[in-house]
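Engineer: Take a look at the following structure, please.
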Amino acid sequence: MTVTATVPKLQLSGLNKSFGRGDKRIQVLRDIDLSLADNEFVSLVGTSGCGKSTLLSIVAGLEDFDSGTLSVDGAPVTGPGLDRGVVFQSYTLLPWLTAQGNVEFALKAAGYGAGERRDIAREHIELVKLTKFANAYPSELSGGMKQRVAIARALSYRPKMLLMDEPFGALDALTRHQMQELLTRIWEEHRLTVLFVTHDVEEAVYLSDRIVVMGIGPGCIKQTFDVDLSRPREPDSASSAEFIDLQREVLRSIREESLKVELA
Amino acid sequence: MLRPLEPVGRSSRIVLGIAFFVLFVALWAFATFGGYVSRTFLADPLTMVSDGWNLLTVQGFSQDILVTVGRVLGGFALAAVIAVPLGILMGAYKPVEAFLEPFVSFARYLPASAFIPLLILWAGIGEMQKILVIFIGSVFNIILMVAVAVGHTRRDLMEAAYTLGSSDTGVVRRVMMPANAPEIAEILRLVLGWAWTYVIVAELIGSSSGIGYMIINSQALLATGQIIFGIIVIGIIGLISDFLFKAINRRLFRWRFA
Ligand SMILES: Nc1ncnc2c1ncn2[C@@H]1O[C@H](COP(=O)(O)OP(=O)(O)OP(=O)(O)O)[C@@H](O)[C@H]1O
Ligand SMILES: [Mg+2]
């Protein structure tokens with residue numbers, strides 16, 4: 001998918017970010033230009049500490065930035081909002097609410113009535129196949145189940161964008177694959193725009209339309225790969241020559257950056 | 001063999017727990033019946049029981065118990081109603097913390113019992129004075145402990161709530177408060193235990209009813225059996241209130257124990 005002349009879903013330009021003050025001030029993001037088209041799935045990869053999570057937090061509106069612009073549908077972002085759903089790497093379900101209660105949380109803030117909330121939450125819990133666990137507390141759910149509830153929660157209020165920071169990082173390989181299938185299906189059905197941070201290059205290639213490799217010192221956009229594999233992708237596509245070549249190229253690009261860190 | 005943190009079975013736990021009480025009473029009986037301690041200073045267990053029976057059936061001691069329980073609950077409830085909201089505000093909003101924390105930290109170390117003479121001057125020796133002693137002893141501790149708990153709310157949960165459309169006050173109401181509710185209940189349980197020590201001190205000075213009053217009265221009569229009975233009654237009430245608190249917490253905060 002190519003970026004068309006229409007307003008991009010998400011646009012960052014000339015974005016800079018640093019932490020700390022005075023002598024301790026360090027720049028973590030420099031001159032970030034990135035735009036995502038409607039319904040595009042973009043993965044952000046890069047060596048640890050290059051600023052992926054920081055970038056995602058900025059887009060989520062949780063972190064501010066020094067200079068540059070950030071807009072969703074052409075409107076500047078001023079804080080968190082229901083136009084963007086976020087799934088974090090750490091489990092952020094509210095432990096005192098059941099799965100159902102967690103999914104209803106945002107709906108309540110958005111002002112839906114009790115009946116409507118229950119129906120919408122049910123529907124989304126069904127979407128992630130957890131109907132049987134709707135009344136379970138997070139402490140009674142496995143890691144994969146928790147992330148499924150988190151996805152249901154982030155989708156319940158129909159955001160235009162989904163921002164995900166290594167959402168499947170803590171899961172075992174099998175669960176991870178199931179989650180990838182699920183996410184692909186939801187992405188297709190809901191016509192979402194997704195910004196997805198991952199360490200797993202195979203995952204990035206499998207899911208994305210485009211892969212953005214970030215460089216370090218300070219964090220910047222190093223290289224972008226278009227993923228021209230046909231959709232829908234099957235688990236088998238991961239063994240095609242095209243897939244493996246692309247995976248190798250992306251890995252090489254990341255590795256160059258890791259070497260820079262080691263040499264420095 | 002004793003292994004660190006190795007759990008102990010349910011029945012052995014109960015047996016061990018009771019065993020200490022038995023040992024304690026046995027030592028006490030040995031010291032008193034054996035004549036190692038003078039009757040004047042320490043009554044034997046049987047005298048204690050009969051004195052206690054006499055207190056309850058003849059001297060209307062149950063009335064004193066009710067009075068004392070009422071004072072504790074009154075002072076404690078007043079402290080909790082004021083301290084919990086203040087503690088939440090302090091924990092959630094840093095300027096409020098900067099404003100109140102130094103004073104509260106200082107006030108926390110003021111011994112409640114030292115206020116008794118002053119409170120008698122201000123409020124006389126009526127119920128208000130007793131309640132105020134407990135209030136002073138509890139309120140600052142609750143404020144500070146609640147503030148610390150609320151201030152340590154998981155950051156990632158708050159961020160998640162923001163992305164889910166919560167406003168600033170929404171995050172306080174819907175994340176910081178429920179996340180710390182079990183901890184706040186635990187703090188209240190702890191401070192209620194301390195409130196018991198304040199009420200007795202308050203009743204030892206300038207009072208005409210209550211468990212503490214009975215104790216100080218018995219001292220004049222050298223009725224050590226009554227004193228010990230009074231102390232044991234306090235212990236038992238403490239145990240019961242602790243048990244009730246724990247049971248309620250477990251019901252209320254099922255998510256924590258699930
Ligand atoms: N609150 C903060 N204060 C100061 N420095 C920070 C803060 N948060 C992040 N950093 C720094 O910013 C840089 C980027 O961090 P970030 O968490 O965005 O990296 P990342 O790419 O997500 O890494 P990883 O892949 O390990 O998750 C790191 O050098 C980190 O030390
Ligand atoms: Mg990260």
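Going through the structure tokens in order, the chains are called A, B, and so on, while each chain numbers its residues from 1 and the ligands are numbered from 1 in the order shown.
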Can you check which residues of chain A have any atom within 12 Å of chain B? Use only C-alpha atoms and format it as an MDAnalysis selection string.
Structural biologist: chainID A and resid 57:63 79:99 101:111 135:141 150:159 161:163
Engineer: Could the residues in this selection be saved with C-alpha atoms as an mmCIF file, in the first residue's frame?
Structural biologist:
data_model
loop_
_atom_site.group_PDB
_atom_site.id
_atom_site.type_symbol
_atom_site.label_atom_id
_atom_site.label_comp_id
_atom_site.auth_asym_id
_atom_site.auth_seq_id
_atom_site.Cartn_x
_atom_site.Cartn_y
_atom_site.Cartn_z
ATOM 1 C CA SER A 57 3.960 6.739 24.054
ATOM 2 C CA ILE A 58 4.233 10.038 22.240
ATOM 3 C CA VAL A 59 1.764 8.916 19.601
ATOM 4 C CA ALA A 60 -0.511 7.649 22.374
ATOM 5 C CA GLY A 61 -0.373 11.130 23.902
ATOM 6 C CA LEU A 62 1.125 9.884 27.160
ATOM 7 C CA GLU A 63 4.475 11.574 26.647
ATOM 8 C CA GLY A 79 -3.100 14.045 24.783
ATOM 9 C CA PRO A 80 -4.471 10.528 25.016
ATOM 10 C CA GLY A 81 -7.754 10.013 23.238
ATOM 11 C CA LEU A 82 -10.300 7.433 22.238
ATOM 12 C CA ASP A 83 -9.282 7.758 18.584
ATOM 13 C CA ARG A 84 -6.219 5.656 19.470
ATOM 14 C CA GLY A 85 -6.325 2.337 21.293
ATOM 15 C CA VAL A 86 -3.182 1.227 23.102
ATOM 16 C CA VAL A 87 -2.005 -2.256 24.063
ATOM 17 C CA PHE A 88 1.041 -2.292 26.312
ATOM 18 C CA GLN A 89 3.662 -4.958 26.769
ATOM 19 C CA SER A 90 3.110 -5.170 30.509
ATOM 20 C CA TYR A 91 -0.257 -6.489 31.553
ATOM 21 C CA THR A 92 -2.332 -3.431 32.270
ATOM 22 C CA LEU A 93 -5.720 -4.943 32.972
ATOM 23 C CA LEU A 94 -7.216 -3.358 36.060
ATOM 24 C CA PRO A 95 -6.993 -6.196 38.586
ATOM 25 C CA TRP A 96 -10.156 -5.251 40.495
ATOM 26 C CA LEU A 97 -12.333 -5.510 37.406
ATOM 27 C CA THR A 98 -13.355 -8.698 35.634
ATOM 28 C CA ALA A 99 -12.530 -9.181 31.962
ATOM 29 C CA GLY A 101 -15.425 -4.850 33.560
ATOM 30 C CA ASN A 102 -12.105 -4.045 31.944
ATOM 31 C CA VAL A 103 -13.641 -3.927 28.501
ATOM 32 C CA GLU A 104 -16.481 -1.758 29.808
ATOM 33 C CA PHE A 105 -14.045 0.687 31.411
ATOM 34 C CA ALA A 106 -13.540 2.944 28.412
ATOM 35 C CA LEU A 107 -17.178 2.685 27.400
ATOM 36 C CA LYS A 108 -18.148 4.089 30.768
ATOM 37 C CA ALA A 109 -15.761 7.018 30.374
ATOM 38 C CA ALA A 110 -17.241 7.576 26.915
ATOM 39 C CA GLY A 111 -20.714 7.835 28.432
ATOM 40 C CA ASN A 135 -16.437 -12.870 34.626
ATOM 41 C CA ALA A 136 -12.899 -13.907 35.555
ATOM 42 C CA TYR A 137 -10.526 -11.517 37.278
ATOM 43 C CA PRO A 138 -7.159 -10.838 35.606
ATOM 44 C CA SER A 139 -5.368 -12.887 38.261
ATOM 45 C CA GLU A 140 -7.334 -15.889 37.020
ATOM 46 C CA LEU A 141 -6.262 -15.432 33.384
ATOM 47 C CA ALA A 150 -6.412 -5.909 26.526
ATOM 48 C CA ILE A 151 -6.979 -6.026 22.760
ATOM 49 C CA ALA A 152 -10.739 -6.331 23.255
ATOM 50 C CA ARG A 153 -10.572 -3.380 25.614
ATOM 51 C CA ALA A 154 -8.571 -1.271 23.174
ATOM 52 C CA LEU A 155 -11.027 -2.063 20.384
ATOM 53 C CA SER A 156 -14.263 -1.694 22.342
ATOM 54 C CA TYR A 157 -14.630 2.021 21.699
ATOM 55 C CA ARG A 158 -13.760 1.648 18.007
ATOM 56 C CA PRO A 159 -10.525 3.649 17.771
ATOM 57 C CA MET A 161 -5.760 3.386 15.282
ATOM 58 C CA LEU A 162 -4.262 0.653 17.363
ATOM 59 C CA LEU A 163 -0.874 1.263 18.978
#
Engineer: Could you report the residues within 6 Å of ligand 1, using only C-alpha atoms and all ligand atoms, as a PyMOL selection string?
Structural biologist: chain A and resi 19+28+48-54
Engineer: Keeping all heavy atoms for every residue in the selection just given, could you write it to a file as a tab-separated table (two decimals), in the first residue's frame?
Structural biologist:
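again-v4.tsv, written as the output of this step:
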chain	number	residue	atom	x	y	z
A	19	PHE	N	14.98	13.49	27.18
A	19	PHE	CA	14.64	13.32	28.60
A	19	PHE	C	15.65	14.07	29.44
A	19	PHE	O	16.79	14.25	29.04
A	19	PHE	CB	14.70	11.84	28.98
A	19	PHE	CG	13.51	11.05	28.53
A	19	PHE	CD1	13.63	10.07	27.56
A	19	PHE	CD2	12.27	11.27	29.10
A	19	PHE	CE1	12.54	9.33	27.15
A	19	PHE	CE2	11.16	10.52	28.70
A	19	PHE	CZ	11.30	9.55	27.73
A	28	VAL	N	16.56	11.34	22.80
A	28	VAL	CA	16.26	9.94	22.48
A	28	VAL	C	15.62	9.79	21.10
A	28	VAL	O	15.68	8.72	20.51
A	28	VAL	CB	15.38	9.26	23.55
A	28	VAL	CG1	16.14	9.11	24.84
A	28	VAL	CG2	14.10	10.03	23.78
A	48	SER	N	17.37	-2.56	21.11
A	48	SER	CA	16.83	-2.15	22.40
A	48	SER	C	17.36	-0.77	22.81
A	48	SER	O	18.55	-0.51	22.69
A	48	SER	CB	17.22	-3.19	23.46
A	48	SER	OG	16.64	-2.85	24.67
A	49	GLY	N	16.47	0.09	23.23
A	49	GLY	CA	16.88	1.41	23.69
A	49	GLY	C	16.88	2.46	22.59
A	49	GLY	O	17.28	3.60	22.83
A	50	CYS	N	16.42	2.11	21.39
A	50	CYS	CA	16.45	3.09	20.30
A	50	CYS	C	15.26	4.05	20.36
A	50	CYS	O	15.21	5.01	19.60
A	50	CYS	CB	16.51	2.40	18.95
A	50	CYS	SG	15.01	1.51	18.54
A	51	GLY	N	14.33	3.79	21.26
A	51	GLY	CA	13.25	4.76	21.45
A	51	GLY	C	11.90	4.35	20.87
A	51	GLY	O	11.02	5.20	20.70
A	52	LYS	N	11.71	3.07	20.65
A	52	LYS	CA	10.43	2.61	20.09
A	52	LYS	C	9.28	2.88	21.05
A	52	LYS	O	8.24	3.42	20.66
A	52	LYS	CB	10.50	1.10	19.79
A	52	LYS	CG	11.63	0.69	18.87
A	52	LYS	CD	11.63	-0.80	18.60
A	52	LYS	CE	11.93	-1.66	19.82
A	52	LYS	NZ	13.30	-1.51	20.33
A	53	SER	N	9.49	2.48	22.32
A	53	SER	CA	8.41	2.68	23.29
A	53	SER	C	8.13	4.16	23.50
A	53	SER	O	6.97	4.57	23.65
A	53	SER	CB	8.78	2.06	24.64
A	53	SER	OG	8.90	0.67	24.50
A	54	THR	N	9.21	4.95	23.51
A	54	THR	CA	9.03	6.39	23.68
A	54	THR	C	8.20	6.96	22.53
A	54	THR	O	7.26	7.73	22.75
A	54	THR	CB	10.41	7.08	23.73
A	54	THR	OG1	11.20	6.44	24.72
A	54	THR	CG2	10.27	8.55	24.05
Engineer: Can you pull out every residue within 8 Å of segment 201-207 of chain B, counting only C-alpha atoms, but drop anything in the same chain fewer than 5 positions away, and send it as a PyMOL selection string?
Structural biologist: chain B and resi 113+116+125-126+130+133+212-213+215-216
Engineer: Residues near Asn141 of chain B, anyone? I mean within 12 Å using only C-alpha atoms, not counting same-chain ones fewer than 4 positions away, as a PyMOL selection string.
Structural biologist: chain B and resi 76+79-80+82-84+86-87+101+103-112+134-137+145-148+184+187-188+190-192+194-195
Engineer: As number ranges by chain, please: every residue in segment 26-261 of chain A that DSSP puts in strand (DSSP E or B).
Structural biologist: A: 26-36, 41-46, 67-72, 75-76, 84-87, 161-165, 193-197, 210-215, 219-226
Engineer: Just give me the gap between atom CA of Glu181 of chain A and atom CA of Glu203 of chain A in Å, one decimal is fine.
Structural biologist: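 Distance reported for this atom pair: 10.7 Å.
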Engineer: Which neighbours of Phe245 of chain B fall inside 9 Å, counting only C-alpha atoms, when residues of the same chain fewer than 3 positions from it are skipped, and could you give them as a ChimeraX atom specification?
Structural biologist: /B:185-186,188-189,240-242,248-250
Engineer: Given the selection you just returned, output its residues as a file containing all heavy atoms, formatted as an mmCIF file, in the first residue's frame.
Structural biologist:
data_model
loop_
_atom_site.group_PDB
_atom_site.id
_atom_site.type_symbol
_atom_site.label_atom_id
_atom_site.label_comp_id
_atom_site.auth_asym_id
_atom_site.auth_seq_id
_atom_site.Cartn_x
_atom_site.Cartn_y
_atom_site.Cartn_z
ATOM 1 N N ALA B 185 -8.000 -0.414 53.494
ATOM 2 C CA ALA B 185 -8.714 -1.205 54.500
ATOM 3 C C ALA B 185 -7.726 -1.821 55.483
ATOM 4 O O ALA B 185 -7.975 -1.880 56.691
ATOM 5 C CB ALA B 185 -9.537 -2.301 53.820
ATOM 6 N N GLU B 186 -6.596 -2.257 54.973
ATOM 7 C CA GLU B 186 -5.565 -2.859 55.815
ATOM 8 C C GLU B 186 -4.978 -1.813 56.780
ATOM 9 O O GLU B 186 -4.739 -2.088 57.952
ATOM 10 C CB GLU B 186 -4.483 -3.430 54.888
ATOM 11 C CG GLU B 186 -3.467 -4.330 55.531
ATOM 12 C CD GLU B 186 -4.075 -5.573 56.142
ATOM 13 O OE1 GLU B 186 -5.188 -5.968 55.736
ATOM 14 O OE2 GLU B 186 -3.437 -6.122 57.059
ATOM 15 N N LEU B 188 -6.577 0.788 57.895
ATOM 16 C CA LEU B 188 -7.598 1.060 58.906
ATOM 17 C C LEU B 188 -7.595 -0.031 59.973
ATOM 18 O O LEU B 188 -7.739 0.248 61.168
ATOM 19 C CB LEU B 188 -8.980 1.176 58.254
ATOM 20 C CG LEU B 188 -9.162 2.412 57.356
ATOM 21 C CD1 LEU B 188 -10.538 2.415 56.731
ATOM 22 C CD2 LEU B 188 -8.934 3.701 58.146
ATOM 23 N N ARG B 189 -7.396 -1.257 59.540
ATOM 24 C CA ARG B 189 -7.375 -2.376 60.492
ATOM 25 C C ARG B 189 -6.225 -2.182 61.489
ATOM 26 O O ARG B 189 -6.382 -2.346 62.703
ATOM 27 C CB ARG B 189 -7.192 -3.690 59.733
ATOM 28 C CG ARG B 189 -7.258 -4.924 60.589
ATOM 29 C CD ARG B 189 -7.170 -6.176 59.751
ATOM 30 N NE ARG B 189 -5.838 -6.406 59.219
ATOM 31 C CZ ARG B 189 -4.877 -7.032 59.895
ATOM 32 N NH1 ARG B 189 -5.106 -7.478 61.095
ATOM 33 N NH2 ARG B 189 -3.698 -7.196 59.358
ATOM 34 N N ILE B 240 -11.346 -10.072 67.931
ATOM 35 C CA ILE B 240 -12.605 -10.191 67.188
ATOM 36 C C ILE B 240 -12.695 -9.133 66.091
ATOM 37 O O ILE B 240 -13.037 -9.432 64.943
ATOM 38 C CB ILE B 240 -13.820 -10.066 68.145
ATOM 39 C CG1 ILE B 240 -13.866 -11.270 69.085
ATOM 40 C CG2 ILE B 240 -15.123 -9.970 67.361
ATOM 41 C CD1 ILE B 240 -14.903 -11.146 70.196
ATOM 42 N N SER B 241 -12.325 -7.883 66.441
ATOM 43 C CA SER B 241 -12.464 -6.821 65.437
ATOM 44 C C SER B 241 -11.485 -7.066 64.284
ATOM 45 O O SER B 241 -11.804 -6.829 63.123
ATOM 46 C CB SER B 241 -12.258 -5.441 66.063
ATOM 47 O OG SER B 241 -10.898 -5.149 66.202
ATOM 48 N N ASP B 242 -10.313 -7.577 64.626
ATOM 49 C CA ASP B 242 -9.326 -7.911 63.604
ATOM 50 C C ASP B 242 -9.870 -8.976 62.663
ATOM 51 O O ASP B 242 -9.775 -8.876 61.443
ATOM 52 C CB ASP B 242 -8.082 -8.456 64.301
ATOM 53 C CG ASP B 242 -6.828 -7.996 63.613
ATOM 54 O OD1 ASP B 242 -6.672 -6.770 63.466
ATOM 55 O OD2 ASP B 242 -6.024 -8.859 63.236
ATOM 56 N N ILE B 248 -14.216 -9.175 56.249
ATOM 57 C CA ILE B 248 -14.893 -8.223 55.365
ATOM 58 C C ILE B 248 -13.990 -7.876 54.179
ATOM 59 O O ILE B 248 -14.431 -7.851 53.030
ATOM 60 C CB ILE B 248 -15.284 -6.953 56.159
ATOM 61 C CG1 ILE B 248 -16.371 -7.294 57.178
ATOM 62 C CG2 ILE B 248 -15.773 -5.872 55.208
ATOM 63 C CD1 ILE B 248 -16.683 -6.170 58.150
ATOM 64 N N ASN B 249 -12.705 -7.636 54.475
ATOM 65 C CA ASN B 249 -11.776 -7.318 53.385
ATOM 66 C C ASN B 249 -11.737 -8.426 52.349
ATOM 67 O O ASN B 249 -11.704 -8.177 51.153
ATOM 68 C CB ASN B 249 -10.363 -7.106 53.926
ATOM 69 C CG ASN B 249 -10.254 -5.799 54.673
ATOM 70 O OD1 ASN B 249 -11.214 -5.047 54.749
ATOM 71 N ND2 ASN B 249 -9.086 -5.538 55.225
ATOM 72 N N ARG B 250 -11.714 -9.657 52.845
ATOM 73 C CA ARG B 250 -11.613 -10.773 51.919
ATOM 74 C C ARG B 250 -12.847 -10.849 51.018
ATOM 75 O O ARG B 250 -12.758 -11.168 49.851
ATOM 76 C CB ARG B 250 -11.430 -12.074 52.701
ATOM 77 C CG ARG B 250 -10.942 -13.190 51.828
ATOM 78 C CD ARG B 250 -10.235 -14.245 52.636
ATOM 79 N NE ARG B 250 -9.092 -13.693 53.361
ATOM 80 C CZ ARG B 250 -8.549 -14.280 54.418
ATOM 81 N NH1 ARG B 250 -9.057 -15.392 54.892
ATOM 82 N NH2 ARG B 250 -7.500 -13.752 55.003
#
Engineer: So which residues of segment 63-225 of chain A fall under helix (DSSP H, G or I) by DSSP, listed as number ranges by chain?
Structural biologist: A: 99-109, 114-127, 131-133, 138-140, 143-155, 173-190, 201-207
Engineer: Excluding segment 5-17 of chain A and its own-chain neighbours fewer than 5 positions away, which residues fall within 9 Å of it when counting only C-alpha atoms? Please give them as a PyMOL selection string.
Structural biologist: chain A and resi 26-40+54-55+59+64-74+160-161+193
Engineer: Output the selection as a CSV table (one decimal), in the first residue's frame - N, CA and C atoms for each residue.
Structural biologist:
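This went into result_26.csv:
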chain,number,residue,atom,x,y,z
A,26,ILE,N,19.3,14.0,27.6
A,26,ILE,CA,19.7,13.2,26.5
A,26,ILE,C,18.6,13.2,25.5
A,27,GLN,N,19.1,13.3,24.2
A,27,GLN,CA,18.1,13.2,23.2
A,27,GLN,C,17.8,11.7,22.8
A,28,VAL,N,16.6,11.3,22.8
A,28,VAL,CA,16.3,9.9,22.5
A,28,VAL,C,15.6,9.8,21.1
A,29,LEU,N,15.0,10.9,20.6
A,29,LEU,CA,14.4,10.8,19.2
A,29,LEU,C,14.9,12.0,18.5
A,30,ARG,N,15.3,11.8,17.2
A,30,ARG,CA,15.7,13.0,16.4
A,30,ARG,C,15.1,13.0,15.1
A,31,ASP,N,14.4,14.0,14.8
A,31,ASP,CA,13.9,14.3,13.5
A,31,ASP,C,13.1,13.1,12.9
A,32,ILE,N,12.1,12.7,13.6
A,32,ILE,CA,11.3,11.5,13.2
A,32,ILE,C,10.3,12.0,12.2
A,33,ASP,N,10.3,11.4,11.0
A,33,ASP,CA,9.3,11.6,10.0
A,33,ASP,C,8.6,10.3,9.7
A,34,LEU,N,7.4,10.2,9.9
A,34,LEU,CA,6.7,8.9,9.7
A,34,LEU,C,5.2,9.2,9.4
A,35,SER,N,4.7,8.5,8.4
A,35,SER,CA,3.2,8.7,8.2
A,35,SER,C,2.6,7.3,7.9
A,36,LEU,N,1.5,7.1,8.4
A,36,LEU,CA,0.7,5.9,8.2
A,36,LEU,C,-0.5,6.2,7.5
A,37,ALA,N,-0.8,5.4,6.4
A,37,ALA,CA,-2.0,5.6,5.6
A,37,ALA,C,-3.2,4.9,6.3
A,38,ASP,N,-4.4,5.3,6.0
A,38,ASP,CA,-5.5,4.6,6.5
A,38,ASP,C,-5.4,3.1,6.3
A,39,ASN,N,-5.7,2.3,7.3
A,39,ASN,CA,-5.7,0.8,7.2
A,39,ASN,C,-4.4,0.2,7.0
A,40,GLU,N,-3.3,1.0,7.2
A,40,GLU,CA,-2.0,0.4,7.0
A,40,GLU,C,-1.5,-0.2,8.3
A,54,THR,N,9.2,5.0,23.5
A,54,THR,CA,9.0,6.4,23.7
A,54,THR,C,8.2,7.0,22.5
A,55,LEU,N,8.5,6.5,21.3
A,55,LEU,CA,7.8,7.0,20.2
A,55,LEU,C,6.3,6.6,20.3
A,59,VAL,N,2.9,9.0,20.5
A,59,VAL,CA,1.8,8.9,19.6
A,59,VAL,C,0.5,8.7,20.4
A,64,ASP,N,5.0,13.9,26.2
A,64,ASP,CA,5.1,15.0,25.3
A,64,ASP,C,6.5,15.1,24.5
A,65,PHE,N,6.6,16.0,23.6
A,65,PHE,CA,7.8,16.0,22.8
A,65,PHE,C,8.3,17.4,22.7
A,66,ASP,N,9.6,17.6,22.3
A,66,ASP,CA,10.2,18.9,22.3
A,66,ASP,C,9.8,19.7,21.1
A,67,SER,N,9.9,19.2,19.9
A,67,SER,CA,9.6,19.9,18.7
A,67,SER,C,9.1,19.0,17.7
A,68,GLY,N,8.6,19.6,16.6
A,68,GLY,CA,8.0,18.8,15.5
A,68,GLY,C,6.5,18.7,15.6
A,69,THR,N,5.9,18.0,14.7
A,69,THR,CA,4.4,17.9,14.8
A,69,THR,C,3.9,16.5,14.8
A,70,LEU,N,2.8,16.3,15.4
A,70,LEU,CA,2.2,15.0,15.4
A,70,LEU,C,0.7,15.2,15.2
A,71,SER,N,0.1,14.5,14.2
A,71,SER,CA,-1.3,14.7,14.0
A,71,SER,C,-2.0,13.3,13.6
A,72,VAL,N,-3.2,13.2,14.0
A,72,VAL,CA,-4.0,12.1,13.6
A,72,VAL,C,-5.2,12.6,12.8
A,73,ASP,N,-5.3,12.2,11.5
A,73,ASP,CA,-6.3,12.7,10.6
A,73,ASP,C,-6.2,14.2,10.4
A,74,GLY,N,-4.9,14.7,10.5
A,74,GLY,CA,-4.7,16.1,10.2
A,74,GLY,C,-4.8,17.0,11.5
A,160,LYS,N,-9.6,4.5,15.7
A,160,LYS,CA,-9.2,4.4,14.3
A,160,LYS,C,-7.9,3.8,14.2
A,161,MET,N,-7.1,3.9,15.3
A,161,MET,CA,-5.8,3.4,15.3
A,161,MET,C,-5.5,2.5,16.5
A,193,THR,N,-5.9,1.1,11.5
A,193,THR,CA,-4.5,1.5,11.2
A,193,THR,C,-3.7,1.1,12.4
Engineer: Restricting the calculation to only C-alpha atoms, which member of A:Ser142, A:Arg185, A:Leu192, A:Ser43 is positioned closest to Val205 of chain A?
Structural biologist: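 Of A:Ser142, A:Arg185, A:Leu192, A:Ser43, the one nearest Val205 of chain A is A:Ser43, counting only C-alpha atoms.
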Engineer: Pick from A:Lys260, A:Arg248, A:Arg191, A:His199: nearest to ligand 2, with only C-alpha atoms and all ligand atoms counted?
Structural biologist: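 Among the listed residues, A:His199 lies closest to ligand 2.
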